[in-house]
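Below is the file target_21.cif, which contains mmCIF, C-alpha atoms and all ligand atoms; chains and numbers go by the auth columns.
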data_protein
loop_
_atom_site.group_PDB
_atom_site.id
_atom_site.type_symbol
_atom_site.label_atom_id
_atom_site.label_comp_id
_atom_site.label_asym_id
_atom_site.label_seq_id
_atom_site.Cartn_x
_atom_site.Cartn_y
_atom_site.Cartn_z
_atom_site.B_iso_or_equiv
_atom_site.auth_seq_id
_atom_site.auth_asym_id
ATOM 1 C CA MET A 1 -72.916 12.739 -41.980 0.00 1 J
ATOM 2 C CA ALA A 2 -75.364 9.915 -41.192 0.00 2 J
ATOM 3 C CA ARG A 3 -74.693 6.684 -43.056 0.00 3 J
ATOM 4 C CA ALA A 4 -77.490 5.166 -45.131 0.00 4 J
ATOM 5 C CA ILE A 5 -77.910 2.018 -47.164 0.00 5 J
ATOM 6 C CA VAL A 6 -79.462 2.432 -50.616 0.00 6 J
ATOM 7 C CA SER A 7 -81.147 -0.446 -52.481 0.00 7 J
ATOM 8 C CA ALA A 8 -82.860 -0.866 -55.839 0.00 8 J
ATOM 9 C CA MET A 9 -85.722 -3.014 -54.516 0.00 9 J
ATOM 10 C CA ALA A 10 -89.289 -1.647 -54.378 0.00 10 J
ATOM 11 C CA HIS A 11 -90.021 -0.911 -50.747 0.00 11 J
ATOM 12 C CA GLN A 12 -93.124 -1.843 -48.829 0.00 12 J
ATOM 13 C CA THR A 13 -94.717 0.332 -46.178 0.00 13 J
ATOM 14 C CA TRP A 14 -97.440 -0.492 -43.654 0.00 14 J
ATOM 15 C CA ARG A 15 -99.070 2.110 -41.392 0.00 15 J
ATOM 16 C CA ARG A 16 -101.014 1.786 -38.202 0.00 16 J
ATOM 17 C CA ASP A 17 -103.662 4.229 -36.899 0.00 17 J
ATOM 18 C CA ASP A 18 -101.544 5.073 -33.850 0.00 18 J
ATOM 19 C CA GLY A 19 -98.732 6.491 -35.999 0.00 19 J
ATOM 20 C CA PHE A 20 -96.363 3.523 -36.173 0.00 20 J
ATOM 21 C CA GLU A 21 -95.031 2.551 -39.569 0.00 21 J
ATOM 22 C CA ILE A 22 -93.126 -0.454 -40.902 0.00 22 J
ATOM 23 C CA SER A 23 -90.882 -0.005 -43.911 0.00 23 J
ATOM 24 C CA THR A 24 -88.539 -2.265 -45.864 0.00 24 J
ATOM 25 C CA ASP A 25 -86.457 0.693 -47.072 0.00 25 J
ATOM 26 C CA PRO A 26 -82.904 -0.005 -45.837 0.00 26 J
ATOM 27 C CA ALA A 27 -82.036 3.703 -46.223 0.00 27 J
ATOM 28 C CA ARG A 28 -84.371 4.445 -43.299 0.00 28 J
ATOM 29 C CA VAL A 29 -82.593 2.119 -40.897 0.00 29 J
ATOM 30 C CA ASP A 30 -80.894 3.952 -38.050 0.00 30 J
ATOM 31 C CA LEU A 31 -77.595 2.104 -38.180 0.00 31 J
ATOM 32 C CA ASP A 32 -76.377 3.484 -34.862 0.00 32 J
ATOM 33 C CA LEU A 33 -79.526 2.489 -32.958 0.00 33 J
ATOM 34 C CA THR A 34 -79.672 -0.936 -34.619 0.00 34 J
ATOM 35 C CA HIS A 35 -75.998 -1.553 -34.009 0.00 35 J
ATOM 36 C CA ARG A 36 -76.270 -0.428 -30.393 0.00 36 J
ATOM 37 C CA PHE A 37 -79.174 -2.787 -29.711 0.00 37 J
ATOM 38 C CA LEU A 38 -77.772 -5.821 -31.485 0.00 38 J
ATOM 39 C CA SER A 39 -74.162 -5.505 -30.351 0.00 39 J
ATOM 40 C CA ARG A 40 -74.858 -4.464 -26.765 0.00 40 J
ATOM 41 C CA ASP A 41 -78.400 -5.380 -25.722 0.00 41 J
ATOM 42 C CA SER A 42 -79.179 -8.573 -27.665 0.00 42 J
ATOM 43 C CA TYR A 43 -78.232 -12.001 -26.319 0.00 43 J
ATOM 44 C CA TRP A 44 -77.500 -13.419 -29.788 0.00 44 J
ATOM 45 C CA ALA A 45 -75.228 -10.873 -31.522 0.00 45 J
ATOM 46 C CA THR A 46 -73.062 -9.504 -28.713 0.00 46 J
ATOM 47 C CA GLY A 47 -70.098 -7.627 -30.131 0.00 47 J
ATOM 48 C CA LEU A 48 -71.534 -7.482 -33.683 0.00 48 J
ATOM 49 C CA PRO A 49 -69.192 -5.161 -35.630 0.00 49 J
ATOM 50 C CA SER A 50 -70.949 -2.289 -37.452 0.00 50 J
ATOM 51 C CA ASP A 51 -69.479 -3.263 -40.850 0.00 51 J
ATOM 52 C CA VAL A 52 -70.947 -6.754 -40.443 0.00 52 J
ATOM 53 C CA LEU A 53 -74.338 -5.241 -39.586 0.00 53 J
ATOM 54 C CA GLU A 54 -74.214 -3.081 -42.724 0.00 54 J
ATOM 55 C CA ARG A 55 -73.342 -6.086 -44.911 0.00 55 J
ATOM 56 C CA SER A 56 -76.117 -8.122 -43.302 0.00 56 J
ATOM 57 C CA ILE A 57 -78.638 -5.374 -44.057 0.00 57 J
ATOM 58 C CA LYS A 58 -77.481 -5.167 -47.680 0.00 58 J
ATOM 59 C CA GLY A 59 -77.969 -8.935 -48.029 0.00 59 J
ATOM 60 C CA SER A 60 -81.414 -9.101 -46.397 0.00 60 J
ATOM 61 C CA VAL A 61 -84.946 -7.817 -46.722 0.00 61 J
ATOM 62 C CA VAL A 62 -85.044 -5.452 -43.747 0.00 62 J
ATOM 63 C CA PHE A 63 -88.069 -4.380 -41.755 0.00 63 J
ATOM 64 C CA GLY A 64 -87.808 -1.240 -39.623 0.00 64 J
ATOM 65 C CA ILE A 65 -90.543 -0.030 -37.271 0.00 65 J
ATOM 66 C CA TYR A 66 -90.760 3.762 -37.059 0.00 66 J
ATOM 67 C CA ARG A 67 -92.644 6.452 -35.205 0.00 67 J
ATOM 68 C CA GLY A 68 -92.012 9.532 -37.332 0.00 68 J
ATOM 69 C CA SER A 69 -88.305 9.491 -38.133 0.00 69 J
ATOM 70 C CA LYS A 70 -87.434 7.545 -34.982 0.00 70 J
ATOM 71 C CA GLN A 71 -86.772 3.834 -35.380 0.00 71 J
ATOM 72 C CA VAL A 72 -88.281 1.666 -32.635 0.00 72 J
ATOM 73 C CA GLY A 73 -87.855 -1.846 -33.997 0.00 73 J
ATOM 74 C CA PHE A 74 -86.122 -4.036 -36.514 0.00 74 J
ATOM 75 C CA ALA A 75 -86.028 -7.467 -38.141 0.00 75 J
ATOM 76 C CA ARG A 76 -84.492 -8.886 -41.281 0.00 76 J
ATOM 77 C CA VAL A 77 -85.156 -11.822 -43.560 0.00 77 J
ATOM 78 C CA VAL A 78 -82.332 -13.719 -45.257 0.00 78 J
ATOM 79 C CA THR A 79 -83.976 -15.226 -48.305 0.00 79 J
ATOM 80 C CA ASP A 80 -83.835 -16.447 -51.906 0.00 80 J
ATOM 81 C CA LYS A 81 -87.362 -14.966 -52.313 0.00 81 J
ATOM 82 C CA ALA A 82 -88.584 -18.275 -53.720 0.00 82 J
ATOM 83 C CA THR A 83 -88.263 -21.185 -51.307 0.00 83 J
ATOM 84 C CA PHE A 84 -86.781 -20.151 -47.973 0.00 84 J
ATOM 85 C CA GLY A 85 -86.571 -17.360 -45.426 0.00 85 J
ATOM 86 C CA TRP A 86 -84.610 -16.975 -42.202 0.00 86 J
ATOM 87 C CA ILE A 87 -85.977 -14.370 -39.779 0.00 87 J
ATOM 88 C CA GLY A 88 -83.330 -12.790 -37.579 0.00 88 J
ATOM 89 C CA ASP A 89 -82.297 -9.845 -35.421 0.00 89 J
ATOM 90 C CA VAL A 90 -85.869 -9.160 -34.266 0.00 90 J
ATOM 91 C CA PHE A 91 -86.289 -6.440 -31.651 0.00 91 J
ATOM 92 C CA VAL A 92 -88.608 -3.733 -30.407 0.00 92 J
ATOM 93 C CA VAL A 93 -87.031 -1.058 -28.196 0.00 93 J
ATOM 94 C CA PRO A 94 -88.016 -1.420 -24.514 0.00 94 J
ATOM 95 C CA GLU A 95 -89.992 1.876 -24.393 0.00 95 J
ATOM 96 C CA VAL A 96 -92.677 0.606 -26.789 0.00 96 J
ATOM 97 C CA ARG A 97 -92.812 -3.104 -26.017 0.00 97 J
ATOM 98 C CA GLY A 98 -96.178 -4.710 -25.270 0.00 98 J
ATOM 99 C CA ARG A 99 -98.053 -2.635 -27.889 0.00 99 J
ATOM 100 C CA ARG A 100 -98.473 -5.386 -30.487 0.00 100 J
ATOM 101 C CA LEU A 101 -95.511 -4.108 -32.518 0.00 101 J
ATOM 102 C CA GLY A 102 -93.683 -7.450 -32.441 0.00 102 J
ATOM 103 C CA LYS A 103 -96.790 -9.261 -33.668 0.00 103 J
ATOM 104 C CA TRP A 104 -97.429 -6.629 -36.328 0.00 104 J
ATOM 105 C CA LEU A 105 -93.818 -6.931 -37.466 0.00 105 J
ATOM 106 C CA MET A 106 -94.285 -10.684 -37.867 0.00 106 J
ATOM 107 C CA GLU A 107 -97.579 -10.142 -39.750 0.00 107 J
ATOM 108 C CA CYS A 108 -95.805 -7.806 -42.180 0.00 108 J
ATOM 109 C CA ILE A 109 -92.895 -10.225 -42.679 0.00 109 J
ATOM 110 C CA ILE A 110 -95.095 -13.254 -43.304 0.00 110 J
ATOM 111 C CA GLY A 111 -97.441 -11.181 -45.518 0.00 111 J
ATOM 112 C CA HIS A 112 -94.759 -9.470 -47.610 0.00 112 J
ATOM 113 C CA PRO A 113 -95.752 -9.991 -51.263 0.00 113 J
ATOM 114 C CA GLU A 114 -92.226 -11.019 -52.343 0.00 114 J
ATOM 115 C CA LEU A 115 -91.901 -13.574 -49.550 0.00 115 J
ATOM 116 C CA GLN A 116 -94.739 -15.946 -50.431 0.00 116 J
ATOM 117 C CA GLY A 117 -94.976 -19.663 -51.178 0.00 117 J
ATOM 118 C CA PHE A 118 -91.841 -20.657 -49.270 0.00 118 J
ATOM 119 C CA ARG A 119 -91.230 -24.309 -48.488 0.00 119 J
ATOM 120 C CA ARG A 120 -89.704 -23.342 -45.167 0.00 120 J
ATOM 121 C CA TRP A 121 -89.305 -20.367 -42.836 0.00 121 J
ATOM 122 C CA MET A 122 -86.841 -20.696 -39.986 0.00 122 J
ATOM 123 C CA LEU A 123 -85.635 -18.751 -36.983 0.00 123 J
ATOM 124 C CA ALA A 124 -83.873 -19.269 -33.674 0.00 124 J
ATOM 125 C CA THR A 125 -85.114 -17.977 -30.344 0.00 125 J
ATOM 126 C CA ARG A 126 -84.200 -18.399 -26.685 0.00 126 J
ATOM 127 C CA ASP A 127 -87.543 -17.439 -25.132 0.00 127 J
ATOM 128 C CA ALA A 128 -89.959 -15.907 -27.657 0.00 128 J
ATOM 129 C CA HIS A 129 -91.436 -19.189 -28.908 0.00 129 J
ATOM 130 C CA GLY A 130 -94.914 -17.961 -27.903 0.00 130 J
ATOM 131 C CA LEU A 131 -94.620 -15.006 -30.286 0.00 131 J
ATOM 132 C CA TYR A 132 -93.610 -17.100 -33.283 0.00 132 J
ATOM 133 C CA GLU A 133 -96.103 -19.911 -32.551 0.00 133 J
ATOM 134 C CA LYS A 134 -98.824 -17.371 -33.335 0.00 134 J
ATOM 135 C CA PHE A 135 -97.463 -17.353 -36.902 0.00 135 J
ATOM 136 C CA GLY A 136 -97.297 -21.114 -37.393 0.00 136 J
ATOM 137 C CA PHE A 137 -93.731 -21.749 -36.187 0.00 137 J
ATOM 138 C CA THR A 138 -93.170 -25.063 -34.398 0.00 138 J
ATOM 139 C CA PRO A 139 -90.133 -26.917 -33.047 0.00 139 J
ATOM 140 C CA LEU A 140 -88.204 -28.738 -35.805 0.00 140 J
ATOM 141 C CA HIS A 141 -90.189 -31.725 -37.076 0.00 141 J
ATOM 142 C CA SER A 142 -87.017 -33.690 -37.834 0.00 142 J
ATOM 143 C CA PRO A 143 -84.123 -32.199 -35.863 0.00 143 J
ATOM 144 C CA ASP A 144 -81.959 -35.141 -36.932 0.00 144 J
ATOM 145 C CA ARG A 145 -82.041 -33.781 -40.508 0.00 145 J
ATOM 146 C CA PHE A 146 -80.612 -30.381 -39.599 0.00 146 J
ATOM 147 C CA MET A 147 -77.037 -29.409 -38.966 0.00 147 J
ATOM 148 C CA GLU A 148 -75.338 -26.148 -38.148 0.00 148 J
ATOM 149 C CA ARG A 149 -71.866 -24.696 -38.125 0.00 149 J
ATOM 150 C CA TRP A 150 -71.950 -22.217 -35.276 0.00 150 J
ATOM 151 C CA ASP A 151 -69.013 -20.017 -34.369 0.00 151 J
ATOM 152 C CA ARG A 152 -69.873 -18.572 -30.935 0.00 152 J
ATOM 153 C CA GLU A 153 -66.646 -16.560 -30.807 0.00 153 J
ATOM 154 C CA VAL A 154 -66.919 -15.069 -34.300 0.00 154 J
ATOM 155 C CA TYR A 155 -67.123 -11.449 -33.134 0.00 155 J
ATOM 156 C CA SER A 156 -64.984 -11.622 -29.987 0.00 156 J
ATOM 157 C CA SER A 157 -62.142 -13.287 -31.912 0.00 157 J
ATOM 158 C CA ARG A 158 -61.855 -10.490 -34.525 0.00 158 J
ATOM 159 C CA SER A 159 -58.513 -8.771 -34.271 0.00 159 J
ATOM 160 C CA ASP A 160 -59.478 -5.277 -35.589 0.00 160 J
HETATM 161 C C1 LIG B . -89.756 -10.176 -28.523 0.00 201 A
HETATM 162 C C2 LIG B . -90.169 -8.733 -28.826 0.00 201 A
HETATM 163 C C3 LIG B . -89.725 -8.363 -30.241 0.00 201 A
HETATM 164 C C4 LIG B . -91.704 -8.638 -28.738 0.00 201 A
HETATM 165 O O1 LIG B . -92.095 -7.319 -29.114 0.00 201 A
HETATM 166 P P1 LIG B . -93.391 -6.604 -28.503 0.00 201 A
HETATM 167 O O2 LIG B . -93.780 -5.480 -29.396 0.00 201 A
HETATM 168 O O3 LIG B . -93.162 -6.257 -27.078 0.00 201 A
HETATM 169 O O4 LIG B . -94.455 -7.798 -28.580 0.00 201 A
HETATM 170 P P2 LIG B . -96.050 -7.736 -28.762 0.00 201 A
HETATM 171 O O5 LIG B . -96.635 -6.615 -27.944 0.00 201 A
HETATM 172 O O6 LIG B . -96.395 -7.770 -30.201 0.00 201 A
HETATM 173 O O7 LIG B . -96.459 -9.117 -28.072 0.00 201 A
HETATM 174 C C5 LIG B . -95.720 -10.286 -28.273 0.00 201 A
HETATM 175 C C6 LIG B . -96.567 -11.503 -28.014 0.00 201 A
HETATM 176 O O8 LIG B . -95.698 -12.633 -27.948 0.00 201 A
HETATM 177 C C7 LIG B . -95.719 -13.184 -26.646 0.00 201 A
HETATM 178 N N1 LIG B . -94.344 -13.556 -26.260 0.00 201 A
HETATM 179 C C8 LIG B . -93.929 -14.810 -26.117 0.00 201 A
HETATM 180 N N2 LIG B . -92.644 -14.848 -25.771 0.00 201 A
HETATM 181 C C9 LIG B . -92.242 -13.570 -25.667 0.00 201 A
HETATM 182 C C10 LIG B . -90.992 -12.974 -25.330 0.00 201 A
HETATM 183 N N3 LIG B . -89.921 -13.686 -24.996 0.00 201 A
HETATM 184 N N4 LIG B . -90.896 -11.656 -25.352 0.00 201 A
HETATM 185 C C11 LIG B . -91.984 -10.902 -25.673 0.00 201 A
HETATM 186 N N5 LIG B . -93.204 -11.407 -26.018 0.00 201 A
HETATM 187 C C12 LIG B . -93.310 -12.753 -26.003 0.00 201 A
HETATM 188 C C13 LIG B . -96.309 -12.094 -25.750 0.00 201 A
HETATM 189 O O9 LIG B . -96.921 -12.671 -24.615 0.00 201 A
HETATM 190 C C14 LIG B . -97.319 -11.461 -26.689 0.00 201 A
HETATM 191 O O10 LIG B . -98.442 -12.300 -26.859 0.00 201 A
HETATM 192 P P3 LIG B . -99.909 -11.878 -26.265 0.00 201 A
HETATM 193 O O11 LIG B . -100.255 -10.587 -26.925 0.00 201 A
HETATM 194 O O12 LIG B . -100.774 -13.012 -26.669 0.00 201 A
HETATM 195 O O13 LIG B . -99.699 -11.739 -24.812 0.00 201 A
HETATM 196 C C15 LIG B . -89.576 -7.728 -27.768 0.00 201 A
HETATM 197 O O14 LIG B . -89.988 -8.136 -26.483 0.00 201 A
HETATM 198 C C16 LIG B . -88.065 -7.644 -27.810 0.00 201 A
HETATM 199 O O15 LIG B . -87.503 -6.889 -28.583 0.00 201 A
HETATM 200 N N6 LIG B . -87.383 -8.405 -26.934 0.00 201 A
HETATM 201 C C17 LIG B . -85.932 -8.356 -26.828 0.00 201 A
HETATM 202 C C18 LIG B . -85.261 -8.921 -28.049 0.00 201 A
HETATM 203 C C19 LIG B . -85.719 -10.318 -28.356 0.00 201 A
HETATM 204 O O16 LIG B . -85.809 -11.174 -27.480 0.00 201 A
HETATM 205 N N7 LIG B . -86.029 -10.538 -29.639 0.00 201 A
HETATM 206 C C20 LIG B . -86.510 -11.818 -30.135 0.00 201 A
HETATM 207 C C21 LIG B . -85.342 -12.668 -30.485 0.00 201 A
HETATM 208 S S1 LIG B . -85.906 -14.226 -31.180 0.00 201 A
#
Could you render the structure from this file as structure tokens?
Amino acid sequence: MARAIVSAMAHQTWRRDDGFEISTDPARVDLDLTHRFLSRDSYWATGLPSDVLERSIKGSVVFGIYRGSKQVGFARVVTDKATFGWIGDVFVVPEVRGRRLGKWLMECIIGHPELQGFRRWMLATRDAHGLYEKFGFTPLHSPDRFMERWDREVYSSRSD
């Protein structure tokens, strides 16, 4: 039986004339497709275990892009819903890239009614700066004030 994540939050849905839909309902997320992309095809989450993905979805506001029942994109926001949001795990499947879905996904994230008035949004990207610049993202104003604790081997060093 297909796994699904259930949440009590009110879900938002946006629809486009060409049949694409964005939903924040975590129960609609295709865990297999999302896990396959992130663990195998992304450069930032290689080896992501499926139980970690499921926990990350439970702890985030998730945005899935759908055409009918088929998921074609994903992003999630880690947030306190008051002051701060971290946008991560953004992807659109290769078959439908270049159709404004990435930009629409960002519009929906930034416009989400429960994610307003933040002091700071953050994200990390290797090469999609041009996408996020369209939504007001800039390089860090004061990089000297930020620190990170980054475990590059976190998934490859798991023993199970
Ligand atoms: C990045 C990604 C989500 C964009 O999705 P998409 O639906 O193809 O993007 P859109 O059609 O909405 O267009 C994206 C816009 O950002 C720009 N852009 C800047 N850097 C980009 C990049 N690295 N990849 C794609 N678009 C990029 C494009 O030129 C385009 O702007 P334009 O319309 O002014 O030309 C998609 O290419 C993807 O999933 N890539 C692989 C995973 C990834 O890199 N995710 C981002 C991690 S931070």
May I ask you to write as a VMD selection string all residues lying at most 9 Å from ligand LIG 201 (chain A), with all atoms listed in the file counted?
chain J and resid 37 to 38 41 to 44 73 to 75 87 to 94 96 to 106 123 to 134
Could you list the residues chosen by the PyMOL selection byres (((chain J and resi 29) around 12) and not hetatm) in this structure as a PDB file with C-alpha atoms, keeping the file's coordinate frame?
ATOM      1  CA  ALA J   2     -75.364   9.915 -41.192  1.00  0.00           C
ATOM      2  CA  ARG J   3     -74.693   6.684 -43.056  1.00  0.00           C
ATOM      3  CA  ALA J   4     -77.490   5.166 -45.131  1.00  0.00           C
ATOM      4  CA  ILE J   5     -77.910   2.018 -47.164  1.00  0.00           C
ATOM      5  CA  VAL J   6     -79.462   2.432 -50.616  1.00  0.00           C
ATOM      6  CA  SER J   7     -81.147  -0.446 -52.481  1.00  0.00           C
ATOM      7  CA  ILE J  22     -93.126  -0.454 -40.902  1.00  0.00           C
ATOM      8  CA  SER J  23     -90.882  -0.005 -43.911  1.00  0.00           C
ATOM      9  CA  THR J  24     -88.539  -2.265 -45.864  1.00  0.00           C
ATOM     10  CA  ASP J  25     -86.457   0.693 -47.072  1.00  0.00           C
ATOM     11  CA  PRO J  26     -82.904  -0.005 -45.837  1.00  0.00           C
ATOM     12  CA  ALA J  27     -82.036   3.703 -46.223  1.00  0.00           C
ATOM     13  CA  ARG J  28     -84.371   4.445 -43.299  1.00  0.00           C
ATOM     14  CA  ASP J  30     -80.894   3.952 -38.050  1.00  0.00           C
ATOM     15  CA  LEU J  31     -77.595   2.104 -38.180  1.00  0.00           C
ATOM     16  CA  ASP J  32     -76.377   3.484 -34.862  1.00  0.00           C
ATOM     17  CA  LEU J  33     -79.526   2.489 -32.958  1.00  0.00           C
ATOM     18  CA  THR J  34     -79.672  -0.936 -34.619  1.00  0.00           C
ATOM     19  CA  HIS J  35     -75.998  -1.553 -34.009  1.00  0.00           C
ATOM     20  CA  LEU J  53     -74.338  -5.241 -39.586  1.00  0.00           C
ATOM     21  CA  GLU J  54     -74.214  -3.081 -42.724  1.00  0.00           C
ATOM     22  CA  ILE J  57     -78.638  -5.374 -44.057  1.00  0.00           C
ATOM     23  CA  LYS J  58     -77.481  -5.167 -47.680  1.00  0.00           C
ATOM     24  CA  VAL J  61     -84.946  -7.817 -46.722  1.00  0.00           C
ATOM     25  CA  VAL J  62     -85.044  -5.452 -43.747  1.00  0.00           C
ATOM     26  CA  PHE J  63     -88.069  -4.380 -41.755  1.00  0.00           C
ATOM     27  CA  GLY J  64     -87.808  -1.240 -39.623  1.00  0.00           C
ATOM     28  CA  ILE J  65     -90.543  -0.030 -37.271  1.00  0.00           C
ATOM     29  CA  TYR J  66     -90.760   3.762 -37.059  1.00  0.00           C
ATOM     30  CA  SER J  69     -88.305   9.491 -38.133  1.00  0.00           C
ATOM     31  CA  LYS J  70     -87.434   7.545 -34.982  1.00  0.00           C
ATOM     32  CA  GLN J  71     -86.772   3.834 -35.380  1.00  0.00           C
ATOM     33  CA  VAL J  72     -88.281   1.666 -32.635  1.00  0.00           C
ATOM     34  CA  GLY J  73     -87.855  -1.846 -33.997  1.00  0.00           C
ATOM     35  CA  PHE J  74     -86.122  -4.036 -36.514  1.00  0.00           C
ATOM     36  CA  ALA J  75     -86.028  -7.467 -38.141  1.00  0.00           C
ATOM     37  CA  ARG J  76     -84.492  -8.886 -41.281  1.00  0.00           C
TER      38      ARG J  76
END
Å distance separating CA of Gly85 (chain J) from CA of Ala45 (chain J), one decimal place:
19.1 Å
For CA of Arg152 (chain J) and CA of Arg120 (chain J), the interatomic separation in Å (one decimal):
24.9 Å
How far is it from CA of Glu95 (chain J) to CA of Pro113 (chain J), in Å with one decimal?
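So the two atoms, CA of Glu95 (chain J) and CA of Pro113 (chain J), lie 29.9 Å apart.
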Calculate, to one decimal in Å, the centre and edge lengths of the box along x, y and z of the file that holds all listed atoms of region 29-47 of chain J with 3 Å of margin on each side, and present them as JSON.
{"center_x": -76.3, "center_y": -4.7, "center_z": -33.3, "size_x": 18.5, "size_y": 23.4, "size_z": 21.2}
Can you tell me, as a compact mmCIF listing (two decimals) with C-alpha atoms, keeping the file's coordinate frame, what residues are no more than 9 Å from Leu48 (chain J) when counting all atoms listed in the file, ignoring any on the same chain fewer than 6 positions away?
# COMPACT_ATOMS: atom_id res chain seq x y z
CA HIS J 35 -76.00 -1.55 -34.01
CA LEU J 38 -77.77 -5.82 -31.48
CA SER J 39 -74.16 -5.50 -30.35
CA ARG J 40 -74.86 -4.46 -26.76
CA VAL J 154 -66.92 -15.07 -34.30
CA TYR J 155 -67.12 -11.45 -33.13
CA SER J 156 -64.98 -11.62 -29.99
Reference answer for the PyMOL selection byres (((chain J and resi 80) around 12) and not hetatm), as a ChimeraX atom specification:
/J:59-61,77-79,81-86,114-121
Is there a way to complete region 64-70 of chain J with all heavy atoms and then write that out as a PDB file, keeping the file's coordinate frame?
ATOM      1  N   GLY J  64     -87.987  -2.167 -40.744  1.00  0.00           N
ATOM      2  CA  GLY J  64     -87.808  -1.240 -39.623  1.00  0.00           C
ATOM      3  C   GLY J  64     -89.177  -0.789 -39.152  1.00  0.00           C
ATOM      4  O   GLY J  64     -90.091  -0.598 -39.961  1.00  0.00           O
ATOM      5  N   ILE J  65     -89.314  -0.630 -37.823  1.00  0.00           N
ATOM      6  CA  ILE J  65     -90.543  -0.030 -37.271  1.00  0.00           C
ATOM      7  C   ILE J  65     -90.197   1.401 -36.890  1.00  0.00           C
ATOM      8  O   ILE J  65     -89.163   1.641 -36.250  1.00  0.00           O
ATOM      9  CB  ILE J  65     -91.060  -0.766 -36.018  1.00  0.00           C
ATOM     10  CG1 ILE J  65     -91.070  -2.273 -36.220  1.00  0.00           C
ATOM     11  CG2 ILE J  65     -92.450  -0.255 -35.643  1.00  0.00           C
ATOM     12  CD1 ILE J  65     -91.528  -3.049 -34.971  1.00  0.00           C
ATOM     13  N   TYR J  66     -91.054   2.340 -37.278  1.00  0.00           N
ATOM     14  CA  TYR J  66     -90.760   3.762 -37.059  1.00  0.00           C
ATOM     15  C   TYR J  66     -91.951   4.471 -36.425  1.00  0.00           C
ATOM     16  O   TYR J  66     -93.101   4.117 -36.685  1.00  0.00           O
ATOM     17  CB  TYR J  66     -90.443   4.452 -38.407  1.00  0.00           C
ATOM     18  CG  TYR J  66     -89.290   3.776 -39.104  1.00  0.00           C
ATOM     19  CD1 TYR J  66     -89.525   2.746 -40.018  1.00  0.00           C
ATOM     20  CD2 TYR J  66     -87.967   4.113 -38.811  1.00  0.00           C
ATOM     21  CE1 TYR J  66     -88.473   2.081 -40.638  1.00  0.00           C
ATOM     22  CE2 TYR J  66     -86.906   3.451 -39.420  1.00  0.00           C
ATOM     23  CZ  TYR J  66     -87.163   2.433 -40.332  1.00  0.00           C
ATOM     24  OH  TYR J  66     -86.120   1.770 -40.927  1.00  0.00           O
ATOM     25  N   ARG J  67     -91.635   5.473 -35.600  1.00  0.00           N
ATOM     26  CA  ARG J  67     -92.644   6.452 -35.205  1.00  0.00           C
ATOM     27  C   ARG J  67     -92.062   7.786 -35.628  1.00  0.00           C
ATOM     28  O   ARG J  67     -91.087   8.245 -35.044  1.00  0.00           O
ATOM     29  CB  ARG J  67     -92.922   6.395 -33.708  1.00  0.00           C
ATOM     30  CG  ARG J  67     -94.073   7.292 -33.325  1.00  0.00           C
ATOM     31  CD  ARG J  67     -94.721   6.895 -32.033  1.00  0.00           C
ATOM     32  NE  ARG J  67     -93.736   6.790 -30.970  1.00  0.00           N
ATOM     33  CZ  ARG J  67     -94.023   6.439 -29.733  1.00  0.00           C
ATOM     34  NH1 ARG J  67     -95.261   6.173 -29.394  1.00  0.00           N
ATOM     35  NH2 ARG J  67     -93.082   6.360 -28.814  1.00  0.00           N
ATOM     36  N   GLY J  68     -92.636   8.374 -36.698  1.00  0.00           N
ATOM     37  CA  GLY J  68     -92.012   9.532 -37.332  1.00  0.00           C
ATOM     38  C   GLY J  68     -90.666   9.093 -37.894  1.00  0.00           C
ATOM     39  O   GLY J  68     -90.552   8.043 -38.523  1.00  0.00           O
ATOM     40  N   SER J  69     -89.622   9.852 -37.606  1.00  0.00           N
ATOM     41  CA  SER J  69     -88.305   9.491 -38.133  1.00  0.00           C
ATOM     42  C   SER J  69     -87.549   8.586 -37.162  1.00  0.00           C
ATOM     43  O   SER J  69     -86.459   8.115 -37.465  1.00  0.00           O
ATOM     44  CB  SER J  69     -87.489  10.757 -38.411  1.00  0.00           C
ATOM     45  OG  SER J  69     -87.355  11.466 -37.208  1.00  0.00           O
ATOM     46  N   LYS J  70     -88.146   8.336 -36.000  1.00  0.00           N
ATOM     47  CA  LYS J  70     -87.434   7.545 -34.982  1.00  0.00           C
ATOM     48  C   LYS J  70     -87.700   6.052 -35.163  1.00  0.00           C
ATOM     49  O   LYS J  70     -88.851   5.620 -35.225  1.00  0.00           O
ATOM     50  CB  LYS J  70     -87.904   7.995 -33.587  1.00  0.00           C
ATOM     51  CG  LYS J  70     -87.096   7.411 -32.465  1.00  0.00           C
ATOM     52  CD  LYS J  70     -87.573   7.961 -31.131  1.00  0.00           C
ATOM     53  CE  LYS J  70     -87.177   7.142 -29.923  1.00  0.00           C
ATOM     54  NZ  LYS J  70     -86.120   6.165 -30.062  1.00  0.00           N
TER      55      LYS J  70
END
